[in-house]
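K.L.:
What follows is a structure written as structure tokens; I'll ask about it next.
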Amino acid sequence: MTEQIPNDPQLETFTRTQILMGMGVTAIVLFGIAKLWLYFGNVTRLGWDWDAVAIAGGVGLGLAISATSSVVYRLWPGYRRCADFYLQIVLEPLVWPDLVWLGLLPGLSEELLFRGVMLPAIGLNAVGLILSSLCFGVLHLSGLQQWPYMVWATIVGMILGGSALVTGNLFVPITAHIVTNLISSVLWKLGKTGTEGRSLD
């Protein structure tokens, strides 16, 4: 028995403007929380260095996460259903240039908060990694039925956090996050275009 994307008649569809504004507002809120935490929490943000090694490491990690996500998508029906549901809502209204913002805004704001501020605030250790990753996963929970998506987001958060701990460079998980978002959104758009093209035959 295969799981299907729930056909919820009350599920709202969003316009391109609403999706872009939602991404922008979310990024601003996350940036704001990170700044306030730094100011009032006496936390030292994890440093970032823009160099070729960090870029290469981030791109490589992003490719590895994307490849692993593809395997998980094929092997775990629950995650596949949730990913299709989420991507349909977010990506359907967007046009190709919007995908740049979909990569940059979450990649920068989420990494600054979860790996740049929260991780060192809790502790640059296993406890900090696990707790910050769980918070990152919860951010991606849009409903109780979407728990497989949250589980995978938590695992990805641990991978990104692990890269921050190993390298001490926030730019590595930022780059990996941006690359992962871009790859997943481009592949979804290409798949959707291919499906629409075949349906016209």
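Going through the structure tokens in order, the chains are called A, B, and so on, while each chain numbers its residues from 1 and the ligands are numbered from 1 in the order shown.
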Compile the contact shell of range 141-149 of chain A as a PDB file with N, CA, C and O atoms, in the first residue's frame: residues with an atom at most 7 Å away, counting only C-alpha atoms, same-chain residues fewer than 2 positions apart removed.

P.N.:
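Result file is out-v2.pdb:
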```pdb
ATOM      1  N   GLY A  78       7.273   7.465   3.348  1.00  0.00           N
ATOM      2  CA  GLY A  78       6.765   8.553   4.191  1.00  0.00           C
ATOM      3  C   GLY A  78       7.472   9.861   3.916  1.00  0.00           C
ATOM      4  O   GLY A  78       6.843  10.921   3.813  1.00  0.00           O
ATOM      5  N   TYR A  79       8.795   9.788   3.805  1.00  0.00           N
ATOM      6  CA  TYR A  79       9.547  11.000   3.498  1.00  0.00           C
ATOM      7  C   TYR A  79       9.231  11.492   2.094  1.00  0.00           C
ATOM      8  O   TYR A  79       9.092  12.692   1.867  1.00  0.00           O
ATOM      9  N   CYS A  82       5.987  13.395   2.144  1.00  0.00           N
ATOM     10  CA  CYS A  82       6.133  14.703   2.797  1.00  0.00           C
ATOM     11  C   CYS A  82       6.928  15.676   1.938  1.00  0.00           C
ATOM     12  O   CYS A  82       6.584  16.854   1.843  1.00  0.00           O
ATOM     13  N   ALA A  83       8.002  15.184   1.325  1.00  0.00           N
ATOM     14  CA  ALA A  83       8.829  16.049   0.475  1.00  0.00           C
ATOM     15  C   ALA A  83       8.029  16.535  -0.725  1.00  0.00           C
ATOM     16  O   ALA A  83       8.076  17.727  -1.078  1.00  0.00           O
ATOM     17  N   GLY A 137      15.121  20.824  12.979  1.00  0.00           N
ATOM     18  CA  GLY A 137      14.126  19.904  12.437  1.00  0.00           C
ATOM     19  C   GLY A 137      12.708  20.370  12.715  1.00  0.00           C
ATOM     20  O   GLY A 137      11.841  20.334  11.835  1.00  0.00           O
ATOM     21  N   VAL A 138      12.465  20.837  13.942  1.00  0.00           N
ATOM     22  CA  VAL A 138      11.127  21.315  14.318  1.00  0.00           C
ATOM     23  C   VAL A 138      10.708  22.501  13.452  1.00  0.00           C
ATOM     24  O   VAL A 138       9.527  22.636  13.110  1.00  0.00           O
ATOM     25  N   LEU A 139      11.661  23.348  13.081  1.00  0.00           N
ATOM     26  CA  LEU A 139      11.355  24.474  12.196  1.00  0.00           C
ATOM     27  C   LEU A 139      10.728  24.004  10.885  1.00  0.00           C
ATOM     28  O   LEU A 139       9.926  24.715  10.282  1.00  0.00           O
ATOM     29  N   VAL A 151      12.158  14.630  10.651  1.00  0.00           N
ATOM     30  CA  VAL A 151      13.229  13.695  11.011  1.00  0.00           C
ATOM     31  C   VAL A 151      14.415  13.868  10.073  1.00  0.00           C
ATOM     32  O   VAL A 151      15.572  13.956  10.510  1.00  0.00           O
ATOM     33  N   TRP A 152      14.128  13.930   8.768  1.00  0.00           N
ATOM     34  CA  TRP A 152      15.221  14.084   7.810  1.00  0.00           C
ATOM     35  C   TRP A 152      15.893  15.451   7.974  1.00  0.00           C
ATOM     36  O   TRP A 152      17.124  15.555   7.911  1.00  0.00           O
ATOM     37  N   ALA A 153      15.123  16.497   8.218  1.00  0.00           N
ATOM     38  CA  ALA A 153      15.700  17.825   8.444  1.00  0.00           C
ATOM     39  C   ALA A 153      16.610  17.814   9.674  1.00  0.00           C
ATOM     40  O   ALA A 153      17.665  18.466   9.691  1.00  0.00           O
TER      41      ALA A 153
END
```

K.L.:
For Ser184 in chain A, work out the shell of residues within 10 Å, counting only C-alpha atoms and skipping chain neighbours fewer than 6 positions away, then give it as a list of chain:residue names.

P.N.:
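Using only C-alpha atoms, the neighbours found are A:Ser66, A:Ala67, A:Ser69, A:Ser70, A:Leu87, A:Leu99, A:Gly103, A:Leu190.
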
K.L.:
Would you list the contacts of Ala27 in chain A as a list in words, taking every protein, DNA or RNA residue within 8 Å and counting only C-alpha atoms, but skipping same-chain residues closer than 5 positions in sequence?

P.N.:
Leu105, Pro106, Ser109 and Glu110 of chain A

K.L.:
Go ahead and compute the interatomic distance for CA of Val166 in chain A and CA of Gly58 in chain A, in Å to one decimal.

P.N.:
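Calculated distance between CA of Val166 in chain A and CA of Gly58 in chain A is 12.4 Å.
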
K.L.:
What are the DSSP alpha helix (DSSP H) residues of chain A, as a PyMOL selection string?

P.N.:
chain A and resi 16-40+52-75+77-91+98-110+119-122+126-139+147-167+171-199

K.L.:
Write out, as a Markdown table, each residue of range 101-178 of chain A that has an atom at most 12 Å from range 28-35 of chain A, together with the closest pair of atoms and their distance in Å to one decimal, counting only C-alpha atoms, rows going by chain and rising number.

P.N.:
```
| residue | atom | partner | partner_atom | distance |
| --- | --- | --- | --- | --- |
| A:Leu105 | CA | A:Ile28 | CA | 9.0 |
| A:Pro106 | CA | A:Leu30 | CA | 9.1 |
| A:Gly107 | CA | A:Leu30 | CA | 11.1 |
| A:Leu108 | CA | A:Phe31 | CA | 8.7 |
| A:Ser109 | CA | A:Phe31 | CA | 5.6 |
| A:Glu110 | CA | A:Leu30 | CA | 6.7 |
| A:Glu111 | CA | A:Leu30 | CA | 9.5 |
| A:Leu112 | CA | A:Ala34 | CA | 6.8 |
| A:Leu113 | CA | A:Ala34 | CA | 5.0 |
| A:Phe114 | CA | A:Ala34 | CA | 8.4 |
| A:Arg115 | CA | A:Ala34 | CA | 10.2 |
| A:Gly116 | CA | A:Ala34 | CA | 8.3 |
| A:Val117 | CA | A:Ala34 | CA | 6.3 |
| A:Met118 | CA | A:Ala34 | CA | 8.0 |
| A:Leu119 | CA | A:Ala34 | CA | 11.3 |
| A:Pro120 | CA | A:Ala34 | CA | 11.8 |
| A:Ala121 | CA | A:Ala34 | CA | 10.7 |
| A:Phe136 | CA | A:Leu30 | CA | 11.4 |
| A:Leu139 | CA | A:Leu30 | CA | 10.7 |
```

K.L.:
Could you check how far CA of Val179 in chain A sits from CA of Gly62 in chain A, in Å to one decimal?

P.N.:
5.2 Å

K.L.:
Hey, which of A:Gly168, A:Arg81, A:Ile19, A:Cys135 ends up closest to Val156 in chain A? Count only C-alpha atoms.

P.N.:
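Closest to Val156 in chain A of all the choices is A:Cys135.
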
K.L.:
Which value, in Å to one decimal, gives the distance between CA of Leu75 in chain A and CA of Leu131 in chain A?

P.N.:
26.7 Å
